[in-house]
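Before any comments, here is the structure.
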Number of protein chains: 2
Amino acid sequence: MPQDSATKPLIEVLSGRRQAVPPLWMMRQAGRYLPEYRELRAKAGGFLDLCFTPEYAAEVTLQPIRRFDFDAAIIFSDILVIPYALGRSVRFEAGEGPRLDPLNTPEEIAGLVTHADFGKLEPVYEALRRVRRELAPQIALIGFCGAPWTVATYMVAGQGTPDQAPARMLAYRHPDAFAKIIDILVENSIQHLVGQLKAGADCVQIFDTWAGVLPPREFARWSIEPARRIVAGVRKQLPNAKIIGFPRGAGGMLPAYVEQTGVDAVSIDWATEPAMIRERVQPRTAVQGNLDPLALIAGGAALDRAVDDVLENFGKGRLIFNLGHGILPETPIAHVEQMVARVRAYKG
Amino acid sequence: MPQDSATKPLIEVLSGRRQAVPPLWMMRQAGRYLPEYRELRAKAGGFLDLCFTPEYAAEVTLQPIRRFDFDAAIIFSDILVIPYALGRSVRFEAGEGPRLDPLNTPEEIAGLVTHADFGKLEPVYEALRRVRRELAPQIALIGFCGAPWTVATYMVAGQGTPDQAPARMLAYRHPDAFAKIIDILVENSIQHLVGQLKAGADCVQIFDTWAGVLPPREFARWSIEPARRIVAGVRKQLPNAKIIGFPRGAGGMLPAYVEQTGVDAVSIDWATEPAMIRERVQPRTAVQGNLDPLALIAGGAALDRAVDDVLENFGKGRLIFNLGHGILPETPIAHVEQMVARVRAYKG
């Protein structure tokens, strides 16, 4: 929970109060586009060492705040820390993305541990406590987890896969076994989010990066329903918890997602149709997004116009300015500065 | 143009007349899941040899009709035949997808040929004539082209790329140069579609496979507007031409696409939200789709339910039953038979 009562613009927006200048942060803002990140990353060893060394994780979390004075810091961690705490093997090999031991038969799933060892995640909570101590009181601190569907796509396949076919196939062929993975992830995600909020996070985000491949029936079952249960489960323990959902690629399913999960904000990707969001989503929840990360690489007039499009599309309502997905490693820092200046000059 | 006046259920639907049992075909229905295709493919040599040998192209076009009695045959060809006829180098290397010489600077684009050598595409028209002669009169023959945006993504990058970043970046940085590629593709696609209709195609489809990555402003400029110009250009020469658009991943942009392009049907992917389609798309145009190709691999009860979902979602209006994207090579033929039987048993 917040350790002071200073007004945080991002939390204001999540609480129903639009800000004239929208609060601003970037998904993956602690990352490889920053030289100070690359330097620490080289020192830390592996990616998980960086995540699980509180001193390092806190430092990289704070780096983008020092540079850009964003309205929020997001704890440096990974969506695969839950499978890791469930005892699954999780490796990050350079340039290859994550590797896990696949889990793709009902027999293997029957043996999946149901309760994570949260002691393994203590470094995440310690990093949050460190960041909160150093962070200015008006800056929000964000915790997060992967949505069960998205985390399950990696657990089933053992790696990232085109169209997440292995997890979708398992869900078609063995829905009960697949539901067991989802149920375990729901319960442990609730605990991990509560742990982060208790350690100093002001709000949390649920990243459903691969929600967009699901047909409507499967989207309802594997994306909306688990998110609804996580939101309800966190609020059962912490009734005022603020929660952002990010069902990337959900498109026309966004109104149903927002209505049924009860999230305080929904993060939208750059291809989302804006009128639907203004008419059917923003009246009931805050909207976070949705600059194309490639526009941020392009810079110049294209970037200005893309920033203006986001502000014009959503700035009259409750908006948290962000990207439509994570910032890309090749992004010039000067373009981030250009974007920040333009958002902060907005007279909404 | 059709060489006889037998009633074709697919053309009836495109002409505004709903059919009680929806006409049925599958994207990529002439393909590797069929042993007779694999056999001919092995004999033909390269992929382009198969496309450009009328005898072979006609034969593989007809193979799925013989097996499944579909309501439409789609000519066996490729969306990259237009760049090929523009003199670009186009190679298909086994297991790697297409390779072209990249075209990613304003200087290179300035040198792009503006008029295709349609003599190079004569084998496509000859294959259409052959198929039309052999096809039962109630079965529609479909011609096609790639949408300019999607074809441009391959021409710019020289290959398939994650999120089509090279083409999107070029469009941000050099919109005028990128527009030149699009303009050339629009004009030559019109001629190619007209050529196919004159050779015996009953309708044509415009495949915009990568439309879904475009932000709204870019979607309007690079997907909708070129499709609108192609539809208008074809109808200027052939006023009754029937045209299907497939802006895959368009989500909430589908109503605008349909309204502004004037297509007779829109093909939708498996993740499209159905209520929006029923309320805002199907009243003005036919809908084609949208079974998840993975459900077709899964088979069993999951396939039955997925088929029923498509029929229940869209069967009360004008529907052409299809997949939400191409059939996958590992699909069991028995599952295709199961799908066909279930669609044809529909009492709508």
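Numbering starts fresh at 1 for the residues of each chain in the structure tokens, the chains themselves are lettered A, B, ... in the order given, and ligands are numbered from 1 as they appear.
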
Cα-based least-squares overlay of chain A on chain B, as a JSON list (two decimals) with C-alpha atoms, in the first residue's frame:
```json
[["chain", "number", "residue", "atom", "x", "y", "z"],
["A", 1, "MET", "CA", -17.06, -13.69, -66.32],
["A", 2, "PRO", "CA", -19.13, -16.78, -65.62],
["A", 3, "GLN", "CA", -19.60, -18.77, -68.79],
["A", 4, "ASP", "CA", -23.02, -20.07, -67.83],
["A", 5, "SER", "CA", -25.98, -18.91, -65.84],
["A", 6, "ALA", "CA", -26.34, -21.78, -63.35],
["A", 7, "THR", "CA", -27.09, -20.51, -59.87],
["A", 8, "LYS", "CA", -23.98, -20.46, -57.72],
["A", 9, "PRO", "CA", -24.77, -20.30, -54.00],
["A", 10, "LEU", "CA", -21.63, -18.30, -53.22],
["A", 11, "ILE", "CA", -22.44, -15.69, -55.86],
["A", 12, "GLU", "CA", -26.03, -15.58, -54.62],
["A", 13, "VAL", "CA", -24.79, -14.64, -51.16],
["A", 14, "LEU", "CA", -22.47, -12.00, -52.64],
["A", 15, "SER", "CA", -25.47, -10.65, -54.57],
["A", 16, "GLY", "CA", -27.53, -10.09, -51.44],
["A", 17, "ARG", "CA", -29.44, -13.36, -51.25],
["A", 18, "ARG", "CA", -28.86, -15.35, -48.06],
["A", 19, "GLN", "CA", -28.69, -19.14, -48.51],
["A", 20, "ALA", "CA", -30.33, -21.43, -45.93],
["A", 21, "VAL", "CA", -27.24, -23.64, -46.00],
["A", 22, "PRO", "CA", -24.26, -21.29, -46.23],
["A", 23, "PRO", "CA", -21.91, -21.90, -49.14],
["A", 24, "LEU", "CA", -18.59, -23.32, -48.00],
["A", 25, "TRP", "CA", -14.94, -23.25, -49.00],
["A", 26, "MET", "CA", -11.62, -22.99, -47.17],
["A", 27, "MET", "CA", -8.78, -20.53, -47.54],
["A", 28, "ARG", "CA", -5.67, -22.43, -48.75],
["A", 29, "GLN", "CA", -7.92, -25.43, -49.56],
["A", 30, "ALA", "CA", -5.51, -26.47, -52.33],
["A", 31, "GLY", "CA", -2.60, -27.30, -50.10],
["A", 32, "ARG", "CA", -0.24, -29.54, -48.24],
["A", 33, "TYR", "CA", -2.86, -31.26, -46.06],
["A", 34, "LEU", "CA", -3.91, -33.15, -49.23],
["A", 35, "PRO", "CA", -1.74, -36.12, -50.31],
["A", 36, "GLU", "CA", -2.67, -35.54, -53.96],
["A", 37, "TYR", "CA", -1.34, -31.97, -53.63],
["A", 38, "ARG", "CA", 1.91, -33.11, -52.07],
["A", 39, "GLU", "CA", 2.35, -35.61, -54.88],
["A", 40, "LEU", "CA", 1.90, -33.04, -57.64],
["A", 41, "ARG", "CA", 4.01, -30.50, -55.75],
["A", 42, "ALA", "CA", 6.91, -32.97, -55.67],
["A", 43, "LYS", "CA", 6.58, -33.46, -59.43],
["A", 44, "ALA", "CA", 6.28, -29.78, -60.33],
["A", 45, "GLY", "CA", 9.60, -28.54, -59.00],
["A", 46, "GLY", "CA", 9.47, -25.16, -57.29],
["A", 47, "PHE", "CA", 6.42, -23.41, -55.90],
["A", 48, "LEU", "CA", 6.35, -20.82, -58.69],
["A", 49, "ASP", "CA", 6.59, -23.61, -61.28],
["A", 50, "LEU", "CA", 3.41, -25.03, -59.78],
["A", 51, "CYS", "CA", 1.71, -21.62, -59.92],
["A", 52, "PHE", "CA", 2.82, -20.87, -63.48],
["A", 53, "THR", "CA", 2.15, -24.23, -65.14],
["A", 54, "PRO", "CA", -1.56, -23.98, -66.05],
["A", 55, "GLU", "CA", -2.03, -27.74, -66.16],
["A", 56, "TYR", "CA", -0.66, -28.13, -62.62],
["A", 57, "ALA", "CA", -2.29, -25.00, -61.18],
["A", 58, "ALA", "CA", -5.67, -26.07, -62.57],
["A", 59, "GLU", "CA", -5.27, -29.57, -61.22],
["A", 60, "VAL", "CA", -4.45, -28.53, -57.64],
["A", 61, "THR", "CA", -7.25, -25.96, -57.76],
["A", 62, "LEU", "CA", -9.69, -28.77, -58.56],
["A", 63, "GLN", "CA", -8.36, -31.35, -56.06],
["A", 64, "PRO", "CA", -10.26, -30.10, -52.98],
["A", 65, "ILE", "CA", -13.47, -29.74, -55.02],
["A", 66, "ARG", "CA", -13.34, -33.41, -56.00],
["A", 67, "ARG", "CA", -12.81, -34.47, -52.40],
["A", 68, "PHE", "CA", -15.20, -32.18, -50.55],
["A", 69, "ASP", "CA", -17.59, -30.75, -53.13],
["A", 70, "PHE", "CA", -16.96, -27.23, -51.89],
["A", 71, "ASP", "CA", -19.08, -24.38, -53.23],
["A", 72, "ALA", "CA", -16.04, -22.55, -54.53],
["A", 73, "ALA", "CA", -12.64, -23.23, -56.04],
["A", 74, "ILE", "CA", -9.94, -20.62, -55.57],
["A", 75, "ILE", "CA", -7.29, -20.45, -58.25],
["A", 76, "PHE", "CA", -3.94, -21.78, -57.09],
["A", 77, "SER", "CA", -1.58, -18.83, -57.29],
["A", 78, "ASP", "CA", 0.22, -16.44, -54.93],
["A", 79, "ILE", "CA", -0.06, -12.84, -53.80],
["A", 80, "LEU", "CA", 3.55, -12.22, -54.89],
["A", 81, "VAL", "CA", 2.87, -12.75, -58.61],
["A", 82, "ILE", "CA", 2.36, -8.98, -58.93],
["A", 83, "PRO", "CA", 5.86, -8.07, -57.68],
["A", 84, "TYR", "CA", 7.11, -10.87, -59.92],
["A", 85, "ALA", "CA", 5.36, -9.30, -62.93],
["A", 86, "LEU", "CA", 6.82, -5.94, -61.88],
["A", 87, "GLY", "CA", 10.23, -7.48, -62.44],
["A", 88, "ARG", "CA", 11.16, -7.98, -58.79],
["A", 89, "SER", "CA", 13.09, -11.09, -57.90],
["A", 90, "VAL", "CA", 10.74, -13.51, -56.08],
["A", 91, "ARG", "CA", 12.01, -16.85, -54.76],
["A", 92, "PHE", "CA", 10.32, -19.48, -52.63],
["A", 93, "GLU", "CA", 12.90, -21.42, -50.68],
["A", 94, "ALA", "CA", 11.76, -24.66, -49.05],
["A", 95, "GLY", "CA", 10.62, -24.17, -45.47],
["A", 96, "GLU", "CA", 11.60, -20.50, -45.44],
["A", 97, "GLY", "CA", 8.78, -18.57, -47.02],
["A", 98, "PRO", "CA", 9.24, -16.06, -49.82],
["A", 99, "ARG", "CA", 12.42, -14.09, -50.47],
["A", 100, "LEU", "CA", 12.54, -10.92, -52.55],
["A", 101, "ASP", "CA", 15.18, -8.26, -53.12],
["A", 102, "PRO", "CA", 14.33, -5.66, -50.46],
["A", 103, "LEU", "CA", 13.04, -2.26, -51.56],
["A", 104, "ASN", "CA", 13.46, 0.01, -48.58],
["A", 105, "THR", "CA", 14.86, 3.38, -49.58],
["A", 106, "PRO", "CA", 13.21, 6.26, -51.48],
["A", 107, "GLU", "CA", 16.00, 5.96, -54.09],
["A", 108, "GLU", "CA", 15.27, 2.30, -54.79],
["A", 109, "ILE", "CA", 11.53, 2.93, -54.85],
["A", 110, "ALA", "CA", 11.96, 5.72, -57.40],
["A", 111, "GLY", "CA", 13.27, 3.06, -59.77],
["A", 112, "LEU", "CA", 10.35, 0.67, -59.33],
["A", 113, "VAL", "CA", 8.66, -0.31, -62.59],
["A", 114, "THR", "CA", 5.14, 1.10, -62.73],
["A", 115, "HIS", "CA", 3.50, -1.30, -65.18],
["A", 116, "ALA", "CA", 3.61, -5.03, -64.71],
["A", 117, "ASP", "CA", 4.36, -7.37, -67.58],
["A", 118, "PHE", "CA", 1.00, -9.12, -67.65],
["A", 119, "GLY", "CA", 2.32, -11.57, -70.19],
["A", 120, "LYS", "CA", 4.09, -13.17, -67.24],
["A", 121, "LEU", "CA", 0.70, -13.71, -65.60],
["A", 122, "GLU", "CA", -0.89, -15.31, -68.66],
["A", 123, "PRO", "CA", -0.43, -18.80, -67.09],
["A", 124, "VAL", "CA", -2.69, -17.68, -64.22],
["A", 125, "TYR", "CA", -5.44, -16.66, -66.65],
["A", 126, "GLU", "CA", -4.97, -19.87, -68.64],
["A", 127, "ALA", "CA", -5.28, -21.91, -65.44],
["A", 128, "LEU", "CA", -8.54, -20.09, -64.66],
["A", 129, "ARG", "CA", -9.91, -20.89, -68.12],
["A", 130, "ARG", "CA", -8.99, -24.56, -67.66],
["A", 131, "VAL", "CA", -10.60, -24.76, -64.22],
["A", 132, "ARG", "CA", -13.77, -23.02, -65.40],
["A", 133, "ARG", "CA", -14.15, -25.56, -68.20],
["A", 134, "GLU", "CA", -13.93, -28.49, -65.80],
["A", 135, "LEU", "CA", -15.85, -27.04, -62.87],
["A", 136, "ALA", "CA", -19.54, -27.85, -62.34],
["A", 137, "PRO", "CA", -21.64, -24.79, -63.13],
["A", 138, "GLN", "CA", -22.94, -24.31, -59.58],
["A", 139, "ILE", "CA", -19.42, -24.00, -58.17],
["A", 140, "ALA", "CA", -17.94, -20.52, -58.05],
["A", 141, "LEU", "CA", -14.39, -19.84, -59.17],
["A", 142, "ILE", "CA", -12.48, -17.27, -57.13],
["A", 143, "GLY", "CA", -9.55, -15.19, -58.32],
["A", 144, "PHE", "CA", -7.46, -13.09, -55.95],
["A", 145, "CYS", "CA", -4.68, -10.66, -55.26],
["A", 146, "GLY", "CA", -2.76, -9.56, -52.21],
["A", 147, "ALA", "CA", -3.79, -6.19, -50.83],
["A", 148, "PRO", "CA", -1.21, -3.48, -51.57],
["A", 149, "TRP", "CA", -0.26, -3.10, -47.89],
["A", 150, "THR", "CA", 0.38, -6.80, -47.42],
["A", 151, "VAL", "CA", 2.27, -7.20, -50.71],
["A", 152, "ALA", "CA", 4.31, -4.09, -49.86],
["A", 153, "THR", "CA", 5.36, -5.59, -46.51],
["A", 154, "TYR", "CA", 7.14, -8.37, -48.43],
["A", 155, "MET", "CA", 8.51, -6.07, -51.14],
["A", 156, "VAL", "CA", 10.00, -3.68, -48.58],
["A", 157, "ALA", "CA", 11.51, -6.24, -46.22],
["A", 158, "GLY", "CA", 12.27, -8.88, -48.82],
["A", 159, "GLN", "CA", 10.61, -11.49, -46.61],
["A", 160, "GLY", "CA", 8.01, -12.01, -43.90],
["A", 161, "THR", "CA", 8.85, -10.03, -40.76],
["A", 162, "PRO", "CA", 7.51, -9.82, -37.17],
["A", 163, "ASP", "CA", 4.86, -7.11, -36.92],
["A", 164, "GLN", "CA", 5.83, -6.03, -40.45],
["A", 165, "ALA", "CA", 8.15, -3.48, -38.87],
["A", 166, "PRO", "CA", 10.24, -2.57, -41.96],
["A", 167, "ALA", "CA", 7.21, -1.54, -44.05],
["A", 168, "ARG", "CA", 5.60, 0.29, -41.14],
["A", 169, "MET", "CA", 8.83, 2.13, -40.45],
["A", 170, "LEU", "CA", 9.27, 3.11, -44.10],
["A", 171, "ALA", "CA", 5.67, 4.36, -44.15],
["A", 172, "TYR", "CA", 6.37, 6.54, -41.08],
["A", 173, "ARG", "CA", 9.68, 7.89, -42.33],
["A", 174, "HIS", "CA", 9.03, 8.22, -46.05],
["A", 175, "PRO", "CA", 5.26, 8.25, -46.57],
["A", 176, "ASP", "CA", 5.52, 9.62, -50.12],
["A", 177, "ALA", "CA", 7.93, 6.92, -51.24],
["A", 178, "PHE", "CA", 5.82, 4.26, -49.57],
["A", 179, "ALA", "CA", 2.70, 5.68, -51.22],
["A", 180, "LYS", "CA", 4.40, 5.19, -54.57],
["A", 181, "ILE", "CA", 4.69, 1.43, -53.96],
["A", 182, "ILE", "CA", 1.05, 1.31, -52.87],
["A", 183, "ASP", "CA", -0.13, 3.29, -55.92],
["A", 184, "ILE", "CA", 1.73, 0.97, -58.29],
["A", 185, "LEU", "CA", 0.25, -2.07, -56.55],
["A", 186, "VAL", "CA", -3.27, -0.59, -56.68],
["A", 187, "GLU", "CA", -3.15, -0.03, -60.44],
["A", 188, "ASN", "CA", -1.62, -3.39, -61.26],
["A", 189, "SER", "CA", -3.90, -5.26, -58.86],
["A", 190, "ILE", "CA", -6.92, -3.77, -60.64],
["A", 191, "GLN", "CA", -5.61, -5.09, -63.94],
["A", 192, "HIS", "CA", -4.79, -8.50, -62.48],
["A", 193, "LEU", "CA", -8.26, -8.88, -60.94],
["A", 194, "VAL", "CA", -9.94, -7.77, -64.16],
["A", 195, "GLY", "CA", -7.78, -10.26, -66.05],
["A", 196, "GLN", "CA", -8.87, -13.05, -63.73],
["A", 197, "LEU", "CA", -12.56, -12.12, -63.98],
["A", 198, "LYS", "CA", -12.30, -12.05, -67.78],
["A", 199, "ALA", "CA", -10.61, -15.47, -67.71],
["A", 200, "GLY", "CA", -13.49, -17.07, -65.84],
["A", 201, "ALA", "CA", -13.38, -16.05, -62.18],
["A", 202, "ASP", "CA", -16.87, -15.44, -60.78],
["A", 203, "CYS", "CA", -15.56, -13.21, -58.02],
["A", 204, "VAL", "CA", -12.25, -12.08, -56.54],
["A", 205, "GLN", "CA", -10.79, -11.75, -53.05],
["A", 206, "ILE", "CA", -8.30, -9.15, -51.81],
["A", 207, "PHE", "CA", -6.09, -10.67, -49.09],
["A", 208, "ASP", "CA", -4.80, -8.10, -46.57],
["A", 209, "THR", "CA", -3.16, -10.63, -44.28],
["A", 210, "TRP", "CA", -1.16, -8.04, -42.32],
["A", 211, "ALA", "CA", -3.76, -5.28, -42.00],
["A", 212, "GLY", "CA", -4.07, -5.93, -38.26],
["A", 213, "VAL", "CA", -0.74, -4.30, -37.30],
["A", 214, "LEU", "CA", -1.75, -0.88, -38.59],
["A", 215, "PRO", "CA", -2.83, 1.93, -36.23],
["A", 216, "PRO", "CA", -6.16, 3.55, -37.19],
["A", 217, "ARG", "CA", -4.73, 6.42, -39.25],
["A", 218, "GLU", "CA", -2.41, 4.05, -41.13],
["A", 219, "PHE", "CA", -5.17, 1.43, -41.52],
["A", 220, "ALA", "CA", -7.33, 4.06, -43.22],
["A", 221, "ARG", "CA", -4.54, 5.14, -45.53],
["A", 222, "TRP", "CA", -2.78, 1.85, -46.34],
["A", 223, "SER", "CA", -5.54, -0.74, -46.08],
["A", 224, "ILE", "CA", -8.97, 0.87, -46.60],
["A", 225, "GLU", "CA", -8.08, 3.46, -49.22],
["A", 226, "PRO", "CA", -6.15, 1.12, -51.55],
["A", 227, "ALA", "CA", -8.94, -1.48, -51.27],
["A", 228, "ARG", "CA", -11.52, 1.20, -52.06],
["A", 229, "ARG", "CA", -9.55, 2.21, -55.16],
["A", 230, "ILE", "CA", -9.17, -1.40, -56.31],
["A", 231, "VAL", "CA", -12.90, -2.08, -55.89],
["A", 232, "ALA", "CA", -13.79, 1.11, -57.77],
["A", 233, "GLY", "CA", -11.19, 0.44, -60.47],
["A", 234, "VAL", "CA", -12.38, -3.11, -61.13],
["A", 235, "ARG", "CA", -16.02, -2.04, -61.21],
["A", 236, "LYS", "CA", -15.21, 0.77, -63.64],
["A", 237, "GLN", "CA", -14.29, -1.92, -66.14],
["A", 238, "LEU", "CA", -16.68, -4.64, -64.93],
["A", 239, "PRO", "CA", -19.59, -2.96, -63.13],
["A", 240, "ASN", "CA", -21.03, -6.20, -61.72],
["A", 241, "ALA", "CA", -17.77, -7.60, -60.40],
["A", 242, "LYS", "CA", -18.17, -9.31, -57.03],
["A", 243, "ILE", "CA", -15.38, -8.61, -54.58],
["A", 244, "ILE", "CA", -14.51, -10.04, -51.15],
["A", 245, "GLY", "CA", -12.15, -8.16, -48.83],
["A", 246, "PHE", "CA", -10.07, -9.80, -46.08],
["A", 247, "PRO", "CA", -8.43, -7.26, -43.81],
["A", 248, "ARG", "CA", -7.18, -9.85, -41.32],
["A", 249, "GLY", "CA", -6.99, -8.66, -37.73],
["A", 250, "ALA", "CA", -8.91, -5.46, -38.49],
["A", 251, "GLY", "CA", -11.13, -5.95, -35.43],
["A", 252, "GLY", "CA", -13.02, -2.75, -34.65],
["A", 253, "MET", "CA", -11.96, -1.23, -37.98],
["A", 254, "LEU", "CA", -14.12, -3.72, -39.94],
["A", 255, "PRO", "CA", -17.25, -1.52, -40.11],
["A", 256, "ALA", "CA", -15.23, 1.35, -41.58],
["A", 257, "TYR", "CA", -13.50, -1.01, -44.03],
["A", 258, "VAL", "CA", -16.81, -2.37, -45.31],
["A", 259, "GLU", "CA", -18.50, 1.00, -45.53],
["A", 260, "GLN", "CA", -15.66, 2.74, -47.33],
["A", 261, "THR", "CA", -14.48, 0.02, -49.72],
["A", 262, "GLY", "CA", -17.88, -1.20, -50.87],
["A", 263, "VAL", "CA", -16.88, -4.87, -50.90],
["A", 264, "ASP", "CA", -19.63, -7.45, -51.41],
["A", 265, "ALA", "CA", -18.35, -9.59, -48.53],
["A", 266, "VAL", "CA", -15.78, -9.28, -45.81],
["A", 267, "SER", "CA", -13.77, -12.25, -44.63],
["A", 268, "ILE", "CA", -13.14, -12.21, -40.88],
["A", 269, "ASP", "CA", -10.54, -13.94, -38.75],
["A", 270, "TRP", "CA", -11.37, -16.31, -35.90],
["A", 271, "ALA", "CA", -10.81, -13.78, -33.11],
["A", 272, "THR", "CA", -13.36, -11.25, -34.40],
["A", 273, "GLU", "CA", -16.03, -10.18, -31.92],
["A", 274, "PRO", "CA", -19.36, -11.45, -33.30],
["A", 275, "ALA", "CA", -21.93, -8.93, -31.98],
["A", 276, "MET", "CA", -20.16, -6.04, -33.73],
["A", 277, "ILE", "CA", -20.21, -8.01, -36.99],
["A", 278, "ARG", "CA", -23.91, -8.88, -36.68],
["A", 279, "GLU", "CA", -24.90, -5.33, -35.79],
["A", 280, "ARG", "CA", -22.62, -3.18, -37.89],
["A", 281, "VAL", "CA", -21.20, -5.31, -40.73],
["A", 282, "GLN", "CA", -23.60, -8.06, -41.77],
["A", 283, "PRO", "CA", -26.54, -5.70, -42.43],
["A", 284, "ARG", "CA", -24.57, -4.12, -45.26],
["A", 285, "THR", "CA", -22.43, -6.93, -46.60],
["A", 286, "ALA", "CA", -21.99, -10.69, -46.58],
["A", 287, "VAL", "CA", -19.64, -12.18, -44.00],
["A", 288, "GLN", "CA", -17.13, -14.95, -44.72],
["A", 289, "GLY", "CA", -15.47, -16.97, -42.02],
["A", 290, "ASN", "CA", -14.34, -17.70, -39.39],
["A", 291, "LEU", "CA", -13.52, -21.12, -37.94],
["A", 292, "ASP", "CA", -10.25, -21.31, -36.01],
["A", 293, "PRO", "CA", -7.94, -23.50, -38.15],
["A", 294, "LEU", "CA", -6.64, -25.07, -34.92],
["A", 295, "ALA", "CA", -10.17, -26.27, -34.06],
["A", 296, "LEU", "CA", -10.07, -28.07, -37.42],
["A", 297, "ILE", "CA", -6.88, -29.83, -36.33],
["A", 298, "ALA", "CA", -8.29, -30.60, -32.89],
["A", 299, "GLY", "CA", -11.42, -32.28, -34.28],
["A", 300, "GLY", "CA", -13.95, -34.05, -32.06],
["A", 301, "ALA", "CA", -16.35, -32.14, -29.84],
["A", 302, "ALA", "CA", -14.18, -29.01, -29.92],
["A", 303, "LEU", "CA", -14.55, -28.84, -33.70],
["A", 304, "ASP", "CA", -18.31, -29.41, -33.58],
["A", 305, "ARG", "CA", -18.71, -26.63, -31.07],
["A", 306, "ALA", "CA", -16.50, -24.26, -33.04],
["A", 307, "VAL", "CA", -18.49, -24.96, -36.24],
["A", 308, "ASP", "CA", -21.74, -24.38, -34.35],
["A", 309, "ASP", "CA", -20.41, -21.10, -32.95],
["A", 310, "VAL", "CA", -19.78, -19.78, -36.48],
["A", 311, "LEU", "CA", -23.23, -20.88, -37.64],
["A", 312, "GLU", "CA", -24.97, -19.44, -34.59],
["A", 313, "ASN", "CA", -22.99, -16.22, -34.68],
["A", 314, "PHE", "CA", -23.53, -15.43, -38.36],
["A", 315, "GLY", "CA", -25.92, -17.99, -39.90],
["A", 316, "LYS", "CA", -29.03, -15.84, -39.57],
["A", 317, "GLY", "CA", -27.52, -13.36, -42.01],
["A", 318, "ARG", "CA", -25.60, -13.68, -45.24],
["A", 319, "LEU", "CA", -22.76, -16.10, -44.48],
["A", 320, "ILE", "CA", -20.07, -17.84, -46.52],
["A", 321, "PHE", "CA", -18.67, -20.52, -44.23],
["A", 322, "ASN", "CA", -14.89, -20.53, -44.22],
["A", 323, "LEU", "CA", -11.92, -20.62, -41.88],
["A", 324, "GLY", "CA", -10.58, -17.56, -40.10],
["A", 325, "HIS", "CA", -7.28, -18.05, -41.95],
["A", 326, "GLY", "CA", -5.74, -20.72, -44.19],
["A", 327, "ILE", "CA", -6.01, -24.43, -43.40],
["A", 328, "LEU", "CA", -2.83, -25.76, -41.77],
["A", 329, "PRO", "CA", -0.75, -28.55, -43.38],
["A", 330, "GLU", "CA", -1.16, -30.94, -40.42],
["A", 331, "THR", "CA", -4.99, -30.90, -40.60],
["A", 332, "PRO", "CA", -6.53, -34.42, -40.81],
["A", 333, "ILE", "CA", -8.75, -34.86, -43.86],
["A", 334, "ALA", "CA", -11.37, -36.60, -41.70],
["A", 335, "HIS", "CA", -11.81, -33.38, -39.74],
["A", 336, "VAL", "CA", -12.51, -31.43, -42.92],
["A", 337, "GLU", "CA", -15.17, -34.03, -43.76],
["A", 338, "GLN", "CA", -16.64, -33.68, -40.26],
["A", 339, "MET", "CA", -16.83, -29.89, -40.71],
["A", 340, "VAL", "CA", -18.41, -30.12, -44.17],
["A", 341, "ALA", "CA", -21.08, -32.55, -42.97],
["A", 342, "ARG", "CA", -21.94, -30.38, -40.00],
["A", 343, "VAL", "CA", -22.22, -27.17, -42.03],
["A", 344, "ARG", "CA", -24.37, -28.87, -44.65],
["A", 345, "ALA", "CA", -26.69, -30.27, -41.96],
["A", 346, "TYR", "CA", -27.34, -26.74, -40.68],
["A", 347, "LYS", "CA", -31.01, -25.84, -40.59],
["A", 348, "GLY", "CA", -30.72, -22.07, -40.54]]
```

*Among the residues of region 70-276 of chain A, find those DSSP assigns to helix (DSSP H, G or I) from the backbone and print them as a count of residues only.*
112

*Out of region 280-327 of chain A, which residues get strand (DSSP E) from DSSP, as a list in words?*
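For region 280-327 of chain A, the strand (DSSP E) set is Ala286, Val287, Gln288, Gly289, Asn290, Leu291, Leu319, Ile320, Phe321, Asn322 and Leu323 of chain A.
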